[in-house]
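model.cif (mmCIF, N, CA and C atoms) appears below.
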```cif
data_model
#
loop_
_atom_site.group_PDB
_atom_site.id
_atom_site.type_symbol
_atom_site.label_atom_id
_atom_site.label_comp_id
_atom_site.auth_asym_id
_atom_site.auth_seq_id
_atom_site.Cartn_x
_atom_site.Cartn_y
_atom_site.Cartn_z
ATOM 1 N N MET A 9 -6.125 -3.960 16.460
ATOM 2 C CA MET A 9 -6.354 -4.016 15.030
ATOM 3 C C MET A 9 -7.377 -5.101 14.738
ATOM 4 N N PRO A 10 -8.428 -4.781 14.012
ATOM 5 C CA PRO A 10 -9.426 -5.802 13.712
ATOM 6 C C PRO A 10 -8.849 -6.882 12.808
ATOM 7 N N HIS A 11 -9.353 -8.075 12.976
ATOM 8 C CA HIS A 11 -8.873 -9.195 12.165
ATOM 9 C C HIS A 11 -9.496 -9.084 10.777
ATOM 10 N N THR A 12 -8.684 -8.931 9.792
ATOM 11 C CA THR A 12 -9.150 -8.791 8.417
ATOM 12 C C THR A 12 -8.526 -9.890 7.571
ATOM 13 N N ILE A 13 -8.937 -9.927 6.325
ATOM 14 C CA ILE A 13 -8.334 -10.880 5.399
ATOM 15 C C ILE A 13 -6.827 -10.626 5.279
ATOM 16 N N TYR A 14 -6.427 -9.348 5.396
ATOM 17 C CA TYR A 14 -5.004 -9.016 5.272
ATOM 18 C C TYR A 14 -4.206 -9.484 6.480
ATOM 19 N N THR A 15 -4.764 -9.353 7.677
ATOM 20 C CA THR A 15 -4.040 -9.859 8.852
ATOM 21 C C THR A 15 -3.952 -11.374 8.797
ATOM 22 N N ALA A 16 -4.986 -12.028 8.292
ATOM 23 C CA ALA A 16 -4.931 -13.489 8.147
ATOM 24 C C ALA A 16 -3.837 -13.886 7.161
ATOM 25 N N ARG A 17 -3.732 -13.164 6.067
ATOM 26 C CA ARG A 17 -2.679 -13.443 5.082
ATOM 27 C C ARG A 17 -1.303 -13.189 5.669
ATOM 28 N N GLN A 18 -1.163 -12.120 6.446
ATOM 29 C CA GLN A 18 0.122 -11.807 7.079
ATOM 30 C C GLN A 18 0.483 -12.862 8.120
ATOM 31 N N GLU A 19 -0.500 -13.380 8.850
ATOM 32 C CA GLU A 19 -0.229 -14.442 9.823
ATOM 33 C C GLU A 19 0.227 -15.711 9.123
ATOM 34 N N LYS A 20 -0.400 -16.023 7.984
ATOM 35 C CA LYS A 20 0.015 -17.194 7.214
ATOM 36 C C LYS A 20 1.446 -17.014 6.703
ATOM 37 N N LEU A 21 1.768 -15.808 6.239
ATOM 38 C CA LEU A 21 3.132 -15.516 5.803
ATOM 39 C C LEU A 21 4.107 -15.667 6.964
ATOM 40 N N ALA A 22 3.755 -15.148 8.133
ATOM 41 C CA ALA A 22 4.624 -15.242 9.312
ATOM 42 C C ALA A 22 4.907 -16.700 9.667
ATOM 43 N N GLN A 23 3.905 -17.549 9.573
ATOM 44 C CA GLN A 23 4.106 -18.973 9.850
ATOM 45 C C GLN A 23 5.061 -19.594 8.839
ATOM 46 N N ALA A 24 4.873 -19.249 7.565
ATOM 47 C CA ALA A 24 5.749 -19.794 6.525
ATOM 48 C C ALA A 24 7.188 -19.321 6.705
ATOM 49 N N LEU A 25 7.362 -18.038 7.030
ATOM 50 C CA LEU A 25 8.712 -17.516 7.265
ATOM 51 C C LEU A 25 9.358 -18.210 8.451
ATOM 52 N N ASP A 26 8.582 -18.373 9.524
ATOM 53 C CA ASP A 26 9.099 -19.020 10.730
ATOM 54 C C ASP A 26 9.501 -20.465 10.443
ATOM 55 N N GLN A 27 8.661 -21.184 9.728
ATOM 56 C CA GLN A 27 8.971 -22.584 9.403
ATOM 57 C C GLN A 27 10.200 -22.704 8.514
ATOM 58 N N ALA A 28 10.401 -21.715 7.657
ATOM 59 C CA ALA A 28 11.562 -21.736 6.759
ATOM 60 C C ALA A 28 12.820 -21.175 7.416
ATOM 61 N N GLY A 29 12.678 -20.658 8.646
ATOM 62 C CA GLY A 29 13.837 -20.088 9.329
ATOM 63 C C GLY A 29 14.252 -18.743 8.765
ATOM 64 N N ILE A 30 13.313 -18.042 8.167
ATOM 65 C CA ILE A 30 13.599 -16.731 7.581
ATOM 66 C C ILE A 30 13.149 -15.658 8.562
ATOM 67 N N ASN A 31 14.039 -14.713 8.868
ATOM 68 C CA ASN A 31 13.753 -13.679 9.866
ATOM 69 C C ASN A 31 12.879 -12.546 9.350
ATOM 70 N N ALA A 32 12.966 -12.255 8.067
ATOM 71 C CA ALA A 32 12.221 -11.113 7.531
ATOM 72 C C ALA A 32 12.055 -11.267 6.026
ATOM 73 N N LEU A 33 11.029 -10.581 5.508
ATOM 74 C CA LEU A 33 10.794 -10.519 4.081
ATOM 75 C C LEU A 33 10.573 -9.063 3.717
ATOM 76 N N ALA A 34 11.287 -8.580 2.715
ATOM 77 C CA ALA A 34 11.120 -7.210 2.225
ATOM 78 C C ALA A 34 10.465 -7.272 0.855
ATOM 79 N N LEU A 35 9.399 -6.483 0.703
ATOM 80 C CA LEU A 35 8.696 -6.431 -0.581
ATOM 81 C C LEU A 35 8.631 -5.002 -1.090
ATOM 82 N N ASN A 36 8.787 -4.855 -2.387
ATOM 83 C CA ASN A 36 8.569 -3.557 -3.018
ATOM 84 C C ASN A 36 7.171 -3.573 -3.635
ATOM 85 N N PRO A 37 6.684 -2.450 -4.162
ATOM 86 C CA PRO A 37 5.337 -2.403 -4.715
ATOM 87 C C PRO A 37 5.110 -3.465 -5.792
ATOM 88 N N GLY A 38 3.946 -4.053 -5.745
ATOM 89 C CA GLY A 38 3.582 -5.071 -6.718
ATOM 90 C C GLY A 38 2.439 -5.926 -6.186
ATOM 91 N N PRO A 39 2.072 -6.958 -6.906
ATOM 92 C CA PRO A 39 0.934 -7.787 -6.524
ATOM 93 C C PRO A 39 1.059 -8.442 -5.150
ATOM 94 N N SER A 40 2.253 -8.862 -4.768
ATOM 95 C CA SER A 40 2.419 -9.514 -3.465
ATOM 96 C C SER A 40 2.156 -8.551 -2.311
ATOM 97 N N LEU A 41 2.650 -7.328 -2.443
ATOM 98 C CA LEU A 41 2.417 -6.334 -1.400
ATOM 99 C C LEU A 41 0.932 -5.990 -1.312
ATOM 100 N N THR A 42 0.277 -5.842 -2.448
ATOM 101 C CA THR A 42 -1.155 -5.558 -2.450
ATOM 102 C C THR A 42 -1.928 -6.722 -1.838
ATOM 103 N N TYR A 43 -1.560 -7.948 -2.158
ATOM 104 C CA TYR A 43 -2.221 -9.135 -1.614
ATOM 105 C C TYR A 43 -2.118 -9.186 -0.093
ATOM 106 N N LEU A 44 -0.952 -8.824 0.431
ATOM 107 C CA LEU A 44 -0.723 -8.919 1.881
ATOM 108 C C LEU A 44 -1.247 -7.729 2.671
ATOM 109 N N THR A 45 -1.407 -6.569 2.027
ATOM 110 C CA THR A 45 -1.776 -5.364 2.775
ATOM 111 C C THR A 45 -3.015 -4.639 2.246
ATOM 112 N N GLY A 46 -3.342 -4.863 0.999
ATOM 113 C CA GLY A 46 -4.416 -4.096 0.378
ATOM 114 C C GLY A 46 -3.960 -2.738 -0.108
ATOM 115 N N LEU A 47 -2.707 -2.409 0.108
ATOM 116 C CA LEU A 47 -2.159 -1.117 -0.311
ATOM 117 C C LEU A 47 -1.606 -1.218 -1.724
ATOM 118 N N GLN A 48 -1.788 -0.159 -2.484
ATOM 119 C CA GLN A 48 -1.262 -0.136 -3.847
ATOM 120 C C GLN A 48 -0.339 1.064 -4.010
ATOM 121 N N PHE A 49 0.908 0.775 -4.270
ATOM 122 C CA PHE A 49 1.904 1.797 -4.578
ATOM 123 C C PHE A 49 2.407 1.525 -5.983
ATOM 124 N N HIS A 50 2.873 2.553 -6.646
ATOM 125 C CA HIS A 50 3.475 2.356 -7.960
ATOM 126 C C HIS A 50 4.994 2.357 -7.815
ATOM 127 N N LEU A 51 5.645 1.692 -8.730
ATOM 128 C CA LEU A 51 7.100 1.712 -8.735
ATOM 129 C C LEU A 51 7.561 3.086 -9.190
ATOM 130 N N SER A 52 8.523 3.622 -8.488
ATOM 131 C CA SER A 52 9.084 4.924 -8.850
ATOM 132 C C SER A 52 10.549 4.944 -8.460
ATOM 133 N N GLU A 53 11.199 6.080 -8.701
ATOM 134 C CA GLU A 53 12.615 6.180 -8.320
ATOM 135 C C GLU A 53 12.793 6.293 -6.811
ATOM 136 N N ARG A 54 11.724 6.639 -6.096
ATOM 137 C CA ARG A 54 11.778 6.705 -4.632
ATOM 138 C C ARG A 54 11.419 5.334 -4.059
ATOM 139 N N PRO A 55 12.206 4.844 -3.131
ATOM 140 C CA PRO A 55 11.937 3.497 -2.617
ATOM 141 C C PRO A 55 10.688 3.440 -1.748
ATOM 142 N N VAL A 56 9.952 2.360 -1.914
ATOM 143 C CA VAL A 56 8.870 1.969 -1.013
ATOM 144 C C VAL A 56 9.139 0.505 -0.698
ATOM 145 N N VAL A 57 9.320 0.195 0.572
ATOM 146 C CA VAL A 57 9.635 -1.167 0.992
ATOM 147 C C VAL A 57 8.783 -1.520 2.197
ATOM 148 N N ALA A 58 8.162 -2.685 2.155
ATOM 149 C CA ALA A 58 7.419 -3.196 3.304
ATOM 150 C C ALA A 58 8.221 -4.347 3.908
ATOM 151 N N LEU A 59 8.404 -4.310 5.223
ATOM 152 C CA LEU A 59 9.161 -5.335 5.930
ATOM 153 C C LEU A 59 8.204 -6.179 6.774
ATOM 154 N N PHE A 60 8.217 -7.465 6.523
ATOM 155 C CA PHE A 60 7.398 -8.416 7.263
ATOM 156 C C PHE A 60 8.315 -9.281 8.118
ATOM 157 N N ARG A 61 8.044 -9.306 9.426
ATOM 158 C CA ARG A 61 8.812 -10.139 10.347
ATOM 159 C C ARG A 61 7.834 -10.904 11.221
ATOM 160 N N PRO A 62 8.046 -12.212 11.397
ATOM 161 C CA PRO A 62 7.134 -12.994 12.230
ATOM 162 C C PRO A 62 7.003 -12.387 13.630
ATOM 163 N N GLY A 63 5.768 -12.229 14.095
ATOM 164 C CA GLY A 63 5.513 -11.712 15.435
ATOM 165 C C GLY A 63 5.642 -10.210 15.574
ATOM 166 N N GLN A 64 5.881 -9.497 14.474
ATOM 167 C CA GLN A 64 6.061 -8.047 14.507
ATOM 168 C C GLN A 64 5.045 -7.391 13.576
ATOM 169 N N PRO A 65 4.692 -6.127 13.842
ATOM 170 C CA PRO A 65 3.830 -5.433 12.893
ATOM 171 C C PRO A 65 4.584 -5.146 11.594
ATOM 172 N N VAL A 66 3.844 -4.953 10.533
ATOM 173 C CA VAL A 66 4.449 -4.614 9.241
ATOM 174 C C VAL A 66 5.013 -3.203 9.329
ATOM 175 N N HIS A 67 6.211 -3.029 8.811
ATOM 176 C CA HIS A 67 6.832 -1.708 8.733
ATOM 177 C C HIS A 67 6.945 -1.326 7.269
ATOM 178 N N ILE A 68 6.463 -0.138 6.922
ATOM 179 C CA ILE A 68 6.563 0.332 5.554
ATOM 180 C C ILE A 68 7.452 1.566 5.532
ATOM 181 N N VAL A 69 8.477 1.509 4.705
ATOM 182 C CA VAL A 69 9.425 2.596 4.559
ATOM 183 C C VAL A 69 9.104 3.301 3.242
ATOM 184 N N LEU A 70 8.774 4.610 3.331
ATOM 185 C CA LEU A 70 8.529 5.382 2.127
ATOM 186 C C LEU A 70 8.871 6.834 2.392
ATOM 187 N N THR A 71 9.109 7.556 1.316
ATOM 188 C CA THR A 71 9.491 8.961 1.449
ATOM 189 C C THR A 71 8.257 9.825 1.678
ATOM 190 N N LEU A 72 8.457 11.019 2.181
ATOM 191 C CA LEU A 72 7.362 11.950 2.395
ATOM 192 C C LEU A 72 6.673 12.318 1.094
ATOM 193 N N LEU A 73 7.395 12.300 0.010
ATOM 194 C CA LEU A 73 6.823 12.692 -1.267
ATOM 195 C C LEU A 73 5.832 11.674 -1.822
ATOM 196 N N GLU A 74 5.865 10.458 -1.315
ATOM 197 C CA GLU A 74 4.908 9.450 -1.779
ATOM 198 C C GLU A 74 3.570 9.747 -1.149
#
```

Once you've parsed the file, please lay out its structure as structure tokens.
Amino acid sequence: MPHTIYTARQEKLAQALDQAGINALALNPGPSLTYLTGLQFHLSERPVVALFRPGQPVHIVLTLLE
């Protein structure tokens, strides 16, 4: 994966989570998710959740209908 502004932001987040002793961060659609990934989802009745874990790739959970 090429190093982008988003990977740099995710690495900074991973460091902060690690320093705080937090294993994971889950985000739903909104400004924070867009800031960290560049992806824009709208809030709907179907869940969209991005999971950030230090040292792991980002996992995004969403339905097929999205």

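Listed by chain and then by number, the residues chosen by the PyMOL selection byres (((chain A and resi 19 and name CA) around 12) and name CA) in this file are His11, Thr12, Ile13, Tyr14, Thr15, Ala16, Arg17, Gln18, Lys20, Leu21, Ala22, Gln23, Ala24, Leu25, Asp26, Leu44, Thr45, Phe60, Arg61, Pro62, Gly63, Gln64, Pro65 and Val66 of chain A.
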
* Running DSSP on the backbone, which parts of region 30-61 of chain A land in alpha helix (DSSP H), as a VMD selection string? -> chain A and resid 39 to 45

* Asked: What do you get, as a ChimeraX atom specification, if you spell out every residue that the PyMOL selection byres ((chain A and resi 57) around 5) selects here?
  -> /A:35-36,55-56,58-59,68-69

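Note that atom C of Thr71 (chain A) and CA of Phe49 (chain A) are 12.0 Å apart.
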
* Matched chain/residue IDs from the PyMOL selection byres ((chain A and resi 38) around 7), as a list in words ->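 On the file shown, the PyMOL selection byres ((chain A and resi 38) around 7) covers Leu35, Asn36, Pro37, Pro39, Ser40, Leu41, Thr42, Tyr43, Gln48, Phe49, His50 and Leu51 of chain A.
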
* Could you please write out, as a PyMOL selection string, every residue of chain A that DSSP assigns to strand (DSSP E)? => chain A and resi 33-35+56-60+67-70

Saved selection, atoms kept: N, CA and C atoms, as an mmCIF file, in the frame of the given file:
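Contents of out_2.cif, as written:
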```
data_model
loop_
_atom_site.group_PDB
_atom_site.id
_atom_site.type_symbol
_atom_site.label_atom_id
_atom_site.label_comp_id
_atom_site.auth_asym_id
_atom_site.auth_seq_id
_atom_site.Cartn_x
_atom_site.Cartn_y
_atom_site.Cartn_z
ATOM 1 N N LEU A 33 11.029 -10.581 5.508
ATOM 2 C CA LEU A 33 10.794 -10.519 4.081
ATOM 3 C C LEU A 33 10.573 -9.063 3.717
ATOM 4 N N ALA A 34 11.287 -8.580 2.715
ATOM 5 C CA ALA A 34 11.120 -7.210 2.225
ATOM 6 C C ALA A 34 10.465 -7.272 0.855
ATOM 7 N N LEU A 35 9.399 -6.483 0.703
ATOM 8 C CA LEU A 35 8.696 -6.431 -0.581
ATOM 9 C C LEU A 35 8.631 -5.002 -1.090
ATOM 10 N N VAL A 56 9.952 2.360 -1.914
ATOM 11 C CA VAL A 56 8.870 1.969 -1.013
ATOM 12 C C VAL A 56 9.139 0.505 -0.698
ATOM 13 N N VAL A 57 9.320 0.195 0.572
ATOM 14 C CA VAL A 57 9.635 -1.167 0.992
ATOM 15 C C VAL A 57 8.783 -1.520 2.197
ATOM 16 N N ALA A 58 8.162 -2.685 2.155
ATOM 17 C CA ALA A 58 7.419 -3.196 3.304
ATOM 18 C C ALA A 58 8.221 -4.347 3.908
ATOM 19 N N LEU A 59 8.404 -4.310 5.223
ATOM 20 C CA LEU A 59 9.161 -5.335 5.930
ATOM 21 C C LEU A 59 8.204 -6.179 6.774
ATOM 22 N N PHE A 60 8.217 -7.465 6.523
ATOM 23 C CA PHE A 60 7.398 -8.416 7.263
ATOM 24 C C PHE A 60 8.315 -9.281 8.118
ATOM 25 N N HIS A 67 6.211 -3.029 8.811
ATOM 26 C CA HIS A 67 6.832 -1.708 8.733
ATOM 27 C C HIS A 67 6.945 -1.326 7.269
ATOM 28 N N ILE A 68 6.463 -0.138 6.922
ATOM 29 C CA ILE A 68 6.563 0.332 5.554
ATOM 30 C C ILE A 68 7.452 1.566 5.532
ATOM 31 N N VAL A 69 8.477 1.509 4.705
ATOM 32 C CA VAL A 69 9.425 2.596 4.559
ATOM 33 C C VAL A 69 9.104 3.301 3.242
ATOM 34 N N LEU A 70 8.774 4.610 3.331
ATOM 35 C CA LEU A 70 8.529 5.382 2.127
ATOM 36 C C LEU A 70 8.871 6.834 2.392
#
```
